[in-house]
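Q: Sharing model-v4.csv below, CSV, C-alpha atoms and all ligand atoms:
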chain,number,residue,atom,x,y,z
A,13,MET,CA,12.7,-29.3,6.1
A,14,THR,CA,10.6,-26.5,4.7
A,15,ALA,CA,12.4,-23.8,6.7
A,16,MET,CA,13.3,-20.6,4.7
A,17,PRO,CA,16.0,-18.1,5.5
A,18,ALA,CA,14.4,-15.4,7.7
A,19,LEU,CA,14.0,-11.7,7.1
A,20,SER,CA,14.7,-9.4,10.0
A,21,ARG,CA,12.3,-8.0,12.6
A,22,ARG,CA,13.8,-4.6,11.7
A,23,LEU,CA,12.5,-5.1,8.1
A,24,ALA,CA,9.0,-6.0,9.4
A,25,GLN,CA,8.7,-2.5,10.9
A,26,LEU,CA,9.1,-0.9,7.5
A,27,PRO,CA,5.9,-0.5,5.5
A,28,ILE,CA,6.1,0.6,1.9
A,29,ALA,CA,5.7,4.4,1.9
A,30,ALA,CA,2.2,5.5,1.2
A,31,THR,CA,3.4,7.9,-1.4
A,32,VAL,CA,5.0,4.9,-3.2
A,33,GLN,CA,2.0,2.7,-2.7
A,34,MET,CA,-0.3,5.3,-4.2
A,35,SER,CA,1.9,5.8,-7.2
A,36,ILE,CA,2.1,2.1,-7.8
A,37,ARG,CA,-1.7,1.8,-7.7
A,38,ALA,CA,-1.9,4.8,-10.1
A,39,ARG,CA,0.5,3.1,-12.5
A,40,GLU,CA,-1.5,-0.1,-12.4
A,41,LEU,CA,-4.7,1.8,-13.2
A,42,ARG,CA,-2.9,3.7,-16.0
A,43,ALA,CA,-1.6,0.4,-17.4
A,44,ALA,CA,-5.3,-0.9,-17.5
A,45,GLY,CA,-6.2,2.1,-19.7
A,46,HIS,CA,-7.4,4.7,-17.1
A,47,ASP,CA,-6.4,8.3,-17.6
A,48,VAL,CA,-5.0,8.8,-14.1
A,49,LEU,CA,-3.6,12.1,-12.9
A,50,SER,CA,-0.9,11.7,-10.2
A,51,LEU,CA,-0.4,14.3,-7.5
A,52,THR,CA,1.5,11.9,-5.3
A,53,LEU,CA,5.2,12.4,-5.5
A,54,GLY,CA,7.3,15.1,-3.9
A,55,GLU,CA,9.5,15.6,-6.9
A,56,PRO,CA,10.0,18.8,-9.0
A,57,ASP,CA,8.7,18.4,-12.6
A,58,PHE,CA,11.5,20.8,-13.8
A,59,PRO,CA,14.8,19.7,-15.4
A,60,SER,CA,18.0,20.0,-13.5
A,61,PRO,CA,20.0,23.2,-14.2
A,62,PRO,CA,22.0,22.9,-17.5
A,63,HIS,CA,25.2,24.3,-15.8
A,64,ALA,CA,25.0,21.5,-13.2
A,65,ILE,CA,24.6,18.9,-16.0
A,66,ALA,CA,27.6,20.4,-17.8
A,67,ALA,CA,29.7,20.3,-14.6
A,68,ALA,CA,28.9,16.6,-14.2
A,69,HIS,CA,29.8,15.9,-17.8
A,70,GLN,CA,33.2,17.7,-17.4
A,71,ALA,CA,33.9,15.9,-14.1
A,72,ALA,CA,33.3,12.5,-15.7
A,73,LEU,CA,35.5,13.4,-18.7
A,74,ARG,CA,38.2,14.6,-16.3
A,75,GLY,CA,38.2,11.1,-14.8
A,76,GLU,CA,36.6,12.0,-11.4
A,77,THR,CA,35.4,8.5,-11.2
A,78,LYS,CA,37.2,7.2,-8.2
A,79,TYR,CA,35.9,6.8,-4.6
A,80,PRO,CA,35.2,10.4,-3.4
A,81,PRO,CA,36.2,11.4,0.2
A,82,ASN,CA,33.7,10.2,2.8
A,83,ASP,CA,32.9,13.7,4.0
A,84,GLY,CA,32.4,15.2,0.5
A,85,ILE,CA,34.8,16.7,-2.2
A,86,PRO,CA,36.4,20.0,-1.1
A,87,GLU,CA,34.9,21.9,-4.0
A,88,LEU,CA,31.3,21.1,-2.9
A,89,LYS,CA,32.1,21.5,0.8
A,90,ALA,CA,33.5,25.0,0.0
A,91,ALA,CA,30.3,25.8,-2.0
A,92,VAL,CA,28.1,24.6,0.9
A,93,ARG,CA,30.1,26.8,3.2
A,94,ARG,CA,29.5,29.8,1.0
A,95,LYS,CA,25.8,28.9,0.7
A,96,PHE,CA,25.3,28.7,4.5
A,97,LEU,CA,27.1,32.1,4.9
A,98,ARG,CA,25.2,33.8,2.0
A,99,ASP,CA,21.7,32.5,2.9
A,100,SER,CA,21.7,32.2,6.6
A,101,GLY,CA,24.8,34.0,8.0
A,102,LEU,CA,25.9,30.6,9.3
A,103,ASP,CA,29.7,30.3,9.4
A,104,TYR,CA,30.6,26.6,9.3
A,105,ASP,CA,34.2,25.5,9.3
A,106,MET,CA,35.1,22.8,6.7
A,107,LYS,CA,35.2,20.2,9.5
A,108,GLU,CA,31.6,21.2,10.4
A,109,ILE,CA,30.2,20.3,6.9
A,110,ALA,CA,29.4,16.9,5.5
A,111,VAL,CA,28.0,15.8,2.1
A,112,CYS,CA,25.7,12.7,2.0
A,113,ASN,CA,23.8,10.7,-0.5
A,114,GLY,CA,20.7,12.9,-0.4
A,115,GLY,CA,19.1,14.8,2.5
A,116,LYS,CA,17.6,11.6,3.7
A,117,GLN,CA,21.0,10.0,4.3
A,118,VAL,CA,22.1,13.1,6.4
A,119,ILE,CA,19.2,12.4,8.7
A,120,ALA,CA,19.7,8.6,8.8
A,121,ASN,CA,23.4,9.0,9.5
A,122,ALA,CA,22.8,11.5,12.3
A,123,LEU,CA,20.2,9.3,14.0
A,124,LEU,CA,22.4,6.2,13.7
A,125,ALA,CA,25.3,8.2,15.1
A,126,THR,CA,23.4,9.5,18.2
A,127,LEU,CA,20.5,7.2,19.2
A,128,ASP,CA,20.7,4.4,21.7
A,129,PRO,CA,17.8,1.9,22.1
A,130,GLY,CA,14.8,3.6,23.6
A,131,ASP,CA,16.0,7.2,23.0
A,132,GLU,CA,13.1,9.5,22.0
A,133,VAL,CA,12.9,11.8,19.0
A,134,VAL,CA,10.3,14.6,19.0
A,135,ILE,CA,8.6,14.8,15.6
A,136,PRO,CA,6.1,17.6,15.0
A,137,ALA,CA,3.1,16.2,13.1
A,138,PRO,CA,2.2,16.3,10.2
A,139,TYR,CA,5.7,15.1,9.3
A,140,PHE,CA,7.7,13.7,6.3
A,141,GLY,CA,6.8,10.0,6.5
A,142,ALA,CA,10.4,8.8,6.5
A,143,TYR,CA,11.2,10.5,9.9
A,144,PRO,CA,9.6,8.0,12.3
A,145,LEU,CA,10.7,5.0,10.3
A,146,MET,CA,14.3,6.2,10.3
A,147,VAL,CA,14.1,6.8,14.1
A,148,GLN,CA,12.8,3.3,14.6
A,149,LEU,CA,15.5,1.8,12.4
A,150,ALA,CA,18.1,3.5,14.5
A,151,GLY,CA,16.5,2.0,17.6
A,152,GLY,CA,14.8,5.1,18.8
A,153,VAL,CA,11.2,5.9,19.6
A,154,PRO,CA,9.3,8.6,17.7
A,155,VAL,CA,7.2,10.9,19.9
A,156,PHE,CA,4.8,13.2,18.1
A,157,ALA,CA,3.9,16.8,18.8
A,158,ALA,CA,0.7,17.7,17.1
A,159,CYS,CA,0.6,20.9,15.1
A,160,ASP,CA,-2.9,22.2,14.3
A,161,GLN,CA,-4.3,23.7,11.1
A,162,ALA,CA,-5.7,26.5,13.2
A,163,ASP,CA,-2.0,27.4,14.2
A,164,GLY,CA,-1.0,27.3,10.5
A,165,PHE,CA,0.6,23.9,11.3
A,166,ARG,CA,3.4,25.6,13.2
A,167,LEU,CA,4.7,23.9,16.3
A,168,ARG,CA,3.6,25.7,19.4
A,169,PRO,CA,6.2,26.0,22.2
A,170,GLU,CA,3.9,24.4,24.8
A,171,ARG,CA,3.4,21.4,22.5
A,172,LEU,CA,7.1,21.0,22.2
A,173,ALA,CA,7.6,21.3,25.9
A,174,ALA,CA,4.9,18.7,26.5
A,175,ALA,CA,6.5,16.2,24.1
A,176,ILE,CA,10.0,16.4,25.7
A,177,THR,CA,10.9,13.8,28.3
A,178,PRO,CA,14.1,12.8,30.1
A,179,ARG,CA,14.7,10.3,27.2
A,180,THR,CA,14.5,12.9,24.5
A,181,ARG,CA,17.6,13.0,22.3
A,182,TRP,CA,16.5,15.0,19.2
A,183,VAL,CA,13.8,17.5,18.2
A,184,MET,CA,13.1,17.7,14.4
A,185,LEU,CA,12.0,20.9,12.7
A,186,ASN,CA,11.0,21.1,9.0
A,187,TYR,CA,9.9,24.4,7.6
A,188,PRO,CA,8.7,25.0,4.9
A,189,ASN,CA,7.1,21.7,5.7
A,190,ASN,CA,6.3,18.5,3.9
A,191,PRO,CA,3.3,17.8,3.8
A,192,THR,CA,1.6,21.1,4.8
A,193,GLY,CA,3.7,23.7,3.1
A,194,ALA,CA,3.7,25.7,6.4
A,195,ALA,CA,6.6,28.0,7.0
A,196,ILE,CA,7.7,29.5,10.3
A,197,GLY,CA,9.0,33.0,11.1
A,198,ALA,CA,12.1,33.9,13.2
A,199,GLU,CA,9.9,35.0,16.2
A,200,ASP,CA,8.2,31.5,16.3
A,201,LEU,CA,11.6,29.9,16.1
A,202,GLN,CA,12.8,32.1,19.0
A,203,ALA,CA,9.9,30.8,21.1
A,204,LEU,CA,10.9,27.2,20.3
A,205,ALA,CA,14.5,28.0,21.1
A,206,GLU,CA,13.4,29.2,24.5
A,207,VAL,CA,12.0,25.8,25.3
A,208,LEU,CA,15.1,24.0,23.9
A,209,ARG,CA,17.4,26.2,26.1
A,210,THR,CA,15.9,24.3,29.1
A,211,ARG,CA,17.5,21.1,27.8
A,212,PRO,CA,21.1,21.5,26.6
A,213,ASP,CA,21.4,17.7,26.2
A,214,ILE,CA,19.0,17.6,23.2
A,215,TRP,CA,20.1,17.7,19.5
A,216,ILE,CA,18.1,19.8,17.1
A,217,LEU,CA,17.6,18.9,13.4
A,218,SER,CA,16.6,21.7,11.1
A,219,ASP,CA,15.5,20.1,7.8
A,220,ASP,CA,15.7,23.0,5.5
A,221,ILE,CA,15.3,21.0,2.2
A,222,TYR,CA,12.6,23.4,1.0
A,223,GLU,CA,14.3,26.6,2.3
A,224,TYR,CA,14.3,28.4,-1.1
A,225,LEU,CA,10.7,27.4,-1.9
A,226,LEU,CA,9.2,30.2,0.1
A,227,PHE,CA,6.3,32.3,-1.3
A,228,THR,CA,6.9,35.2,1.1
A,229,GLY,CA,10.3,35.8,-0.5
A,230,GLY,CA,13.9,35.1,0.5
A,231,THR,CA,15.3,32.0,2.2
A,232,ALA,CA,13.5,30.4,5.2
A,233,PRO,CA,14.9,31.3,8.6
A,234,THR,CA,16.8,28.5,10.4
A,235,ILE,CA,17.1,28.0,14.1
A,236,ALA,CA,21.0,27.9,14.3
A,237,ALA,CA,21.0,31.4,12.8
A,238,VAL,CA,18.0,32.8,14.8
A,239,ALA,CA,19.3,31.4,18.1
A,240,PRO,CA,23.1,31.2,17.7
A,241,ASP,CA,23.5,29.8,21.3
A,242,LEU,CA,21.9,26.6,20.0
A,243,ARG,CA,24.3,26.4,17.0
A,244,ASP,CA,26.6,23.8,18.6
A,245,ARG,CA,23.9,21.3,19.0
A,246,THR,CA,22.0,22.0,15.8
A,247,LEU,CA,22.3,20.0,12.6
A,248,THR,CA,21.3,22.3,9.7
A,249,MET,CA,20.4,20.1,6.7
A,250,SER,CA,19.6,20.9,3.1
A,251,GLY,CA,20.3,19.6,-0.4
A,252,VAL,CA,19.8,20.1,-4.1
A,253,SER,CA,16.8,17.7,-4.6
A,254,LYS,CA,14.0,20.2,-4.2
A,255,SER,CA,15.5,23.7,-4.7
A,256,TYR,CA,17.4,22.7,-7.9
A,257,ALA,CA,15.2,19.9,-9.2
A,258,MET,CA,18.0,17.5,-8.7
A,259,THR,CA,16.3,14.6,-6.9
A,260,GLY,CA,18.1,11.8,-8.8
A,261,TRP,CA,21.6,13.2,-8.2
A,262,ARG,CA,21.3,12.2,-4.5
A,263,ILE,CA,23.2,15.0,-2.9
A,264,GLY,CA,22.3,16.4,0.5
A,265,PHE,CA,24.6,18.3,2.9
A,266,CYS,CA,24.7,19.6,6.5
A,267,GLY,CA,26.4,21.9,8.9
A,268,GLY,CA,26.8,21.2,12.6
A,269,PRO,CA,29.3,20.7,15.4
A,270,ALA,CA,32.4,18.9,14.3
A,271,ARG,CA,31.9,15.9,16.6
A,272,LEU,CA,28.5,15.2,15.2
A,273,ILE,CA,29.7,15.7,11.7
A,274,ALA,CA,32.5,13.2,12.3
A,275,GLY,CA,29.9,10.7,13.6
A,276,ILE,CA,27.8,11.2,10.5
A,277,VAL,CA,30.8,10.8,8.2
A,278,ASN,CA,31.9,7.7,10.1
A,279,MET,CA,28.5,6.1,9.8
A,280,GLN,CA,28.3,6.9,6.1
A,281,SER,CA,31.8,5.6,5.4
A,282,GLN,CA,30.7,2.1,6.6
A,283,ILE,CA,27.4,2.1,4.7
A,284,THR,CA,27.8,3.8,1.4
A,285,SER,CA,31.2,5.7,1.4
A,286,GLY,CA,31.1,9.2,0.0
A,287,ALA,CA,28.4,10.5,-2.4
A,288,CYS,CA,29.0,10.2,-6.1
A,289,GLY,CA,31.8,12.6,-7.0
A,290,ILE,CA,30.3,13.5,-10.4
A,291,ALA,CA,27.0,14.4,-8.7
A,292,GLN,CA,28.9,16.5,-6.1
A,293,GLU,CA,30.5,18.6,-8.9
A,294,ALA,CA,27.0,19.1,-10.3
A,295,ALA,CA,25.7,20.2,-6.9
A,296,ALA,CA,28.6,22.6,-6.5
A,297,ALA,CA,27.7,24.2,-9.8
A,298,ALA,CA,24.1,24.5,-8.8
A,299,LEU,CA,24.9,26.2,-5.5
A,300,ASP,CA,27.5,28.6,-7.0
A,301,GLY,CA,25.8,29.2,-10.4
A,302,PRO,CA,23.0,31.4,-11.6
A,303,GLN,CA,19.9,31.2,-9.3
A,304,ASP,CA,17.3,32.5,-11.8
A,305,GLY,CA,16.0,28.9,-12.4
A,306,VAL,CA,15.2,28.7,-8.7
A,307,THR,CA,13.4,32.1,-8.8
A,308,ALA,CA,11.3,30.9,-11.8
A,309,GLN,CA,10.4,27.6,-10.1
A,310,VAL,CA,9.3,29.4,-6.9
A,311,ALA,CA,7.0,31.6,-9.1
A,312,ALA,CA,5.6,28.5,-10.8
A,313,TYR,CA,4.9,26.7,-7.5
A,314,ARG,CA,3.3,29.9,-6.1
A,315,ARG,CA,1.0,30.2,-9.2
A,316,ARG,CA,0.1,26.5,-8.8
A,317,ARG,CA,-0.6,26.9,-5.1
A,318,ASP,CA,-2.9,29.7,-5.9
A,319,LEU,CA,-4.7,27.7,-8.6
A,320,VAL,CA,-5.2,24.7,-6.3
A,321,VAL,CA,-6.1,26.6,-3.2
A,322,ALA,CA,-8.7,28.7,-5.1
A,323,SER,CA,-10.2,25.6,-6.7
A,324,LEU,CA,-10.4,23.6,-3.5
A,325,ALA,CA,-12.0,26.5,-1.7
A,326,GLU,CA,-15.0,26.1,-4.1
A,327,ILE,CA,-15.4,22.4,-3.1
A,328,PRO,CA,-17.9,21.6,-0.3
A,329,GLY,CA,-16.5,19.7,2.7
A,330,LEU,CA,-12.9,20.8,2.3
A,331,SER,CA,-10.9,23.4,4.2
A,332,CYS,CA,-7.3,24.3,3.4
A,333,HIS,CA,-4.4,26.1,5.0
A,334,VAL,CA,-2.8,28.3,2.4
A,335,PRO,CA,0.8,27.0,2.2
A,336,GLU,CA,3.6,29.5,2.5
A,337,GLY,CA,6.1,27.3,0.8
A,338,ALA,CA,7.2,23.9,-0.6
A,339,PHE,CA,5.0,22.3,-3.3
A,340,TYR,CA,2.2,20.7,-1.4
A,341,VAL,CA,-1.4,21.5,-0.5
A,342,PHE,CA,-2.9,19.7,2.5
A,343,PRO,CA,-6.7,20.1,2.6
A,344,CYS,CA,-8.7,18.8,5.5
A,345,VAL,CA,-11.4,16.4,4.4
A,346,SER,CA,-13.4,16.1,7.7
A,347,GLY,CA,-16.6,17.2,5.8
A,348,TRP,CA,-16.4,14.0,3.7
A,349,ILE,CA,-15.9,11.5,6.5
A,350,GLY,CA,-19.0,9.3,7.0
A,351,ARG,CA,-20.4,10.1,3.6
A,352,HIS,CA,-20.6,7.8,0.6
A,353,SER,CA,-18.6,8.1,-2.6
A,354,PRO,CA,-20.3,8.5,-6.0
A,355,ALA,CA,-19.9,4.7,-6.4
A,356,GLY,CA,-21.4,4.0,-3.0
A,357,ARG,CA,-18.3,3.3,-0.8
A,358,LYS,CA,-18.5,4.5,2.8
A,359,LEU,CA,-15.7,7.0,3.4
A,360,THR,CA,-14.6,6.2,6.9
A,361,THR,CA,-11.0,7.4,6.8
A,362,ASP,CA,-8.8,9.7,4.7
A,363,GLU,CA,-7.2,6.5,3.3
A,364,ALA,CA,-10.6,5.4,2.0
A,365,ILE,CA,-11.1,8.8,0.5
A,366,ALA,CA,-7.7,8.7,-1.3
A,367,LEU,CA,-8.5,5.3,-2.7
A,368,ALA,CA,-12.0,6.3,-3.8
A,369,LEU,CA,-10.6,9.4,-5.5
A,370,LEU,CA,-8.1,7.3,-7.3
A,371,GLU,CA,-10.4,4.6,-8.4
A,372,GLU,CA,-13.5,6.7,-9.1
A,373,ALA,CA,-12.1,10.1,-10.1
A,374,ASN,CA,-8.7,8.9,-11.4
A,375,VAL,CA,-6.8,11.4,-9.2
A,376,ALA,CA,-4.0,10.0,-7.2
A,377,VAL,CA,-3.2,11.8,-3.9
A,378,VAL,CA,-1.8,10.6,-0.5
A,379,HIS,CA,-3.9,10.4,2.6
A,380,GLY,CA,-2.9,12.5,5.7
A,381,ALA,CA,-2.5,9.4,8.0
A,382,ALA,CA,0.7,8.7,6.1
A,383,PHE,CA,2.0,12.0,7.5
A,384,GLY,CA,0.6,11.6,10.9
A,385,ALA,CA,-2.5,13.8,10.5
A,386,SER,CA,-6.1,12.8,9.7
A,387,PRO,CA,-8.4,13.4,7.9
A,388,TYR,CA,-6.3,15.2,5.3
A,389,LEU,CA,-5.0,14.7,1.8
A,390,ARG,CA,-1.7,15.8,0.4
A,391,LEU,CA,-1.7,17.1,-3.2
A,392,SER,CA,1.7,17.7,-4.7
A,393,THR,CA,1.8,20.7,-7.0
A,394,ALA,CA,5.0,19.6,-8.7
A,395,THR,CA,3.1,19.0,-11.9
A,396,SER,CA,1.7,21.2,-14.7
A,397,ASP,CA,-1.0,23.8,-14.3
A,398,ASP,CA,-3.2,21.9,-16.8
A,399,ILE,CA,-3.0,18.7,-14.8
A,400,LEU,CA,-3.6,20.5,-11.6
A,401,ALA,CA,-6.7,22.3,-13.0
A,402,GLU,CA,-8.1,19.0,-14.4
A,403,ALA,CA,-7.4,17.2,-11.1
A,404,CYS,CA,-9.3,19.9,-9.2
A,405,ARG,CA,-12.2,19.6,-11.6
A,406,ARG,CA,-12.3,15.9,-11.0
A,407,ILE,CA,-12.2,16.3,-7.3
A,408,ALA,CA,-15.1,18.8,-7.5
A,409,THR,CA,-17.2,16.3,-9.5
A,410,PHE,CA,-16.4,13.6,-7.0
A,411,ALA,CA,-17.4,15.9,-4.1
A,412,ASN,CA,-20.7,16.9,-5.8
A,413,GLY,CA,-21.5,13.2,-6.2
A,414,LEU,CA,-21.1,12.4,-2.4
A,415,THR,CA,-24.2,11.2,-0.7
A,501,LIG,C1,11.1,17.1,4.5
A,501,LIG,C2,12.0,16.3,3.6
A,501,LIG,N1,13.2,16.1,4.1
A,501,LIG,C3,14.1,15.4,3.3
A,501,LIG,C4,13.7,14.9,2.1
A,501,LIG,C5,14.7,14.1,1.3
A,501,LIG,O1,15.4,14.7,0.3
A,501,LIG,P1,16.5,14.0,-0.5
A,501,LIG,O2,15.9,13.7,-1.9
A,501,LIG,O3,17.6,15.0,-0.6
A,501,LIG,O4,17.0,12.7,0.1
A,501,LIG,C6,12.4,15.1,1.6
A,501,LIG,C7,12.0,14.5,0.3
A,501,LIG,O5,10.9,14.2,0.1
A,501,LIG,C8,11.6,15.8,2.4
A,501,LIG,O6,10.3,16.1,2.0
For the structure just supplied, provide its representation as structure tokens.
A:
Amino acid sequence: MTAMPALSRRLAQLPIAATVQMSIRARELRAAGHDVLSLTLGEPDFPSPPHAIAAAHQAALRGETKYPPNDGIPELKAAVRRKFLRDSGLDYDMKEIAVCNGGKQVIANALLATLDPGDEVVIPAPYFGAYPLMVQLAGGVPVFAACDQADGFRLRPERLAAAITPRTRWVMLNYPNNPTGAAIGAEDLQALAEVLRTRPDIWILSDDIYEYLLFTGGTAPTIAAVAPDLRDRTLTMSGVSKSYAMTGWRIGFCGGPARLIAGIVNMQSQITSGACGIAQEAAAAALDGPQDGVTAQVAAYRRRRDLVVASLAEIPGLSCHVPEGAFYVFPCVSGWIGRHSPAGRKLTTDEAIALALLEEANVAVVHGAAFGASPYLRLSTATSDDILAEACRRIATFANGLT
């Protein structure tokens, strides 16, 4: 017998994320002696707040090392409650708040708790690459609603309406957006709310993980606050990963109707149990503590956005939406499709362009297809001004060598 234990069909649906693939290839090239600049990962390059680190240290010394409650420690839930009130005017009861192992687990738990096989989830494209895979893992079917660069990558109400079918169970919203950096105003959210009012059986996810990283000032508007009549079927999600440079602490949180929150907590209790209590203490300190670190980081991301957008504007064949938030720039590379790279490769797709940029110009970026929009590239600006300036110079040299 040569038979081997099988891996699941579910696993076979899961590709390695393009962001991870590109950073692995970048690491290989670096190990081979190439001076590779990586603009691939959506991870702040700043340290976590010192008061959050101190709070974690004290929690560990106090012996907060046991299983934490599945729904989150009361201290963090209270801090999340204050945060929702302060930033969005959303008043969630403690039973309407849950803490999970990162923002991603909020979404995964919510989908697992609500989707039956064949249920559809409307995902505006371009999207965070994990969304459709999480939907599929939960037995659902992703349905994409295209958002155009000409519309500032905002979801138009008629596109939302066209994507909704009798099987739709969720609509996902994410502004400021990964990968485009697009933000949305309260008026545009109202127009989407108008469409959603026609279908009271649909859940709404507001992924507000980049809510503080907004270059127009303040905190991004969120649909449950803009359209309070939708509050009881909206899951408002955020976390400390992006706003507080705390990706590795794995703390995300959400506010929503108590029965959905109970489902999320139940799902989580079977899979991971509650999130690390020490990290939760750190997250509470970040939410309640001084916010000047966030303000300084937003200023840095804004400066870097300006630098990258201005540099890309000089490069022939590229066109670029000016991001209103987050830390990504998403240039369209349609002017390069069909041309040849300086080393003579035919550039037929954005994936081919990203690979040629990596191997010929030693700049690692992620191709738009990984986010459901082509031909685009995503450049993360979560790295130093010097690296960004040099990366843009290399991209310009590459572009000038196209034939
Ligand atoms: C749109 C979006 N939502 C959620 C997440 C996940 O955040 P966390 O690190 O809290 O799991 C990310 C991270 O890249 C993201 O870009």
Q: Produce as number ranges by chain the set of residues near ligand LIG 501 (chain A), where near means within 9 Å with all atoms listed in the file considered.
A: A: 53-55, 112-119, 139-143, 186-191, 219-222, 249-254, 258-265, 338
Q: Smallest atom-to-atom distance to A:Ser323: which of A:Ala403, A:Leu359, A:Ala236, A:Ala120, using only C-alpha atoms?
A: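 Selected residue with least distance to A:Ser323: A:Ala403.
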Q: Please, what distance in Å, to one decimal, runs between atom CA of A:Leu201 and atom CA of A:Thr234?
A: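 For atom CA of A:Leu201 relative to atom CA of A:Thr234, the distance reads 7.8 Å.
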Q: Using all atoms listed in the file, pick whichever of A:Leu299, A:Ala274, A:Ala322, A:Ala232 has the shortest atom-to-atom distance to A:Ala122.
A: A:Ala274
Q: Which residues are close to A:Gly301, i.e. within 10 Å by only C-alpha atoms, leaving aside same-chain residues fewer than 5 positions away? Reply as a ChimeraX atom specification.
A: /A:61,63-64,295-296
Q: Can you tell me how far atom CA of A:Thr246 sits from atom CA of A:Ile216, in Å to one decimal?
A: 4.7 Å
Q: Env of stretch 350-353 of chain A: 9 Å cut, atoms = only C-alpha atoms, seq-sep filter 3 positions within chain, self excluded. Answer as a list in words.
A: Ser346, Gly347, Gly356, Arg357, Lys358, Leu359, Thr360, Thr361, Ile365, Ala368, Leu369, Glu372, Phe410, Ala411, Gly413, Leu414 and Thr415 of chain A
Q: Between atom CA of A:Ala157 and atom CA of A:Phe96, what is the distance in Å, rounded to a tenth?
A: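 Result for atom CA of A:Ala157 versus atom CA of A:Phe96: 28.4 Å, one decimal.
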Q: Counting all atoms listed in the file, which residues in stretch 205-240 of chain A sit no more than 8 Å from stretch 329-336 of chain A? For each one, give the nearest pair of atoms and the distance in Å, sorted by chain then residue number, as JSON lines.
A:
{"residue": "A:Leu226", "atom": "CA", "partner": "A:Glu336", "partner_atom": "CA", "distance": 6.1}
{"residue": "A:Phe227", "atom": "CA", "partner": "A:Glu336", "partner_atom": "CA", "distance": 5.4}
{"residue": "A:Thr228", "atom": "CA", "partner": "A:Glu336", "partner_atom": "CA", "distance": 6.7}
Q: For each of A:Ala110, A:Ile273, A:His379, A:Val320, take the minimum atom-to-atom distance to A:Ala91, counting only C-alpha atoms, then give the residue where this is smallest.
A: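 Result for the nearest residue to A:Ala91: A:Ala110.
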Q: When distances are computed from only C-alpha atoms, which of A:Leu123, A:Ala150, A:Ala30, A:Ala175 shows the smallest separation from A:Trp215?
A: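 Nearest candidate to A:Trp215 out of A:Leu123, A:Ala150, A:Ala30, A:Ala175: A:Leu123.
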Q: My list of candidates is A:Arg94, A:Gly384, A:Ser60, A:Val306. Which is closest to A:Val155 when distances are computed with all atoms listed in the file?
A: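 Smallest separation from A:Val155 among the options: A:Gly384.
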Q: Of the residues A:Val321, A:Gln303, A:Phe339, A:Glu108, which is the one nearest to A:Arg245, using only C-alpha atoms?
A: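 That would be A:Glu108, the residue with the smallest distance to A:Arg245.
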Q: Mind checking which residues fall within 9 Å of stretch 127-135 of chain A, counting only C-alpha atoms, ignoring those fewer than 4 positions away in the same chain, and posting them as a PyMOL selection string?
A: chain A and resi 122-123+139+143-144+147+150-158+172+175-185
Q: Could you add whatever atoms are missing so that stretch 170-178 of chain A carries N, CA, C and O atoms, then write the result as an mmCIF file, keeping the file's coordinate frame?
A:
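The result, stored in part31.cif:
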data_model
loop_
_atom_site.group_PDB
_atom_site.id
_atom_site.type_symbol
_atom_site.label_atom_id
_atom_site.label_comp_id
_atom_site.auth_asym_id
_atom_site.auth_seq_id
_atom_site.Cartn_x
_atom_site.Cartn_y
_atom_site.Cartn_z
ATOM 1 N N GLU A 170 4.417 25.242 23.691
ATOM 2 C CA GLU A 170 3.900 24.400 24.800
ATOM 3 C C GLU A 170 3.733 22.941 24.338
ATOM 4 O O GLU A 170 3.884 22.017 25.125
ATOM 5 N N ARG A 171 3.453 22.740 23.059
ATOM 6 C CA ARG A 171 3.400 21.400 22.500
ATOM 7 C C ARG A 171 4.741 20.719 22.517
ATOM 8 O O ARG A 171 4.905 19.544 22.797
ATOM 9 N N LEU A 172 5.739 21.526 22.152
ATOM 10 C CA LEU A 172 7.100 21.000 22.200
ATOM 11 C C LEU A 172 7.505 20.646 23.591
ATOM 12 O O LEU A 172 8.000 19.540 23.846
ATOM 13 N N ALA A 173 7.231 21.549 24.516
ATOM 14 C CA ALA A 173 7.600 21.300 25.900
ATOM 15 C C ALA A 173 6.939 20.022 26.430
ATOM 16 O O ALA A 173 7.564 19.209 27.125
ATOM 17 N N ALA A 174 5.666 19.821 26.051
ATOM 18 C CA ALA A 174 4.900 18.700 26.500
ATOM 19 C C ALA A 174 5.462 17.347 25.961
ATOM 20 O O ALA A 174 5.331 16.284 26.573
ATOM 21 N N ALA A 175 6.064 17.420 24.771
ATOM 22 C CA ALA A 175 6.500 16.200 24.100
ATOM 23 C C ALA A 175 7.934 15.783 24.632
ATOM 24 O O ALA A 175 8.363 14.645 24.439
ATOM 25 N N ILE A 176 8.634 16.706 25.269
ATOM 26 C CA ILE A 176 10.000 16.400 25.700
ATOM 27 C C ILE A 176 9.961 15.642 27.046
ATOM 28 O O ILE A 176 9.196 15.974 27.949
ATOM 29 N N THR A 177 10.767 14.574 27.111
ATOM 30 C CA THR A 177 10.900 13.800 28.300
ATOM 31 C C THR A 177 12.352 13.623 28.669
ATOM 32 O O THR A 177 13.216 14.019 27.878
ATOM 33 N N PRO A 178 12.661 12.994 29.803
ATOM 34 C CA PRO A 178 14.100 12.800 30.100
ATOM 35 C C PRO A 178 14.799 11.938 29.046
ATOM 36 O O PRO A 178 16.026 11.982 28.937
#
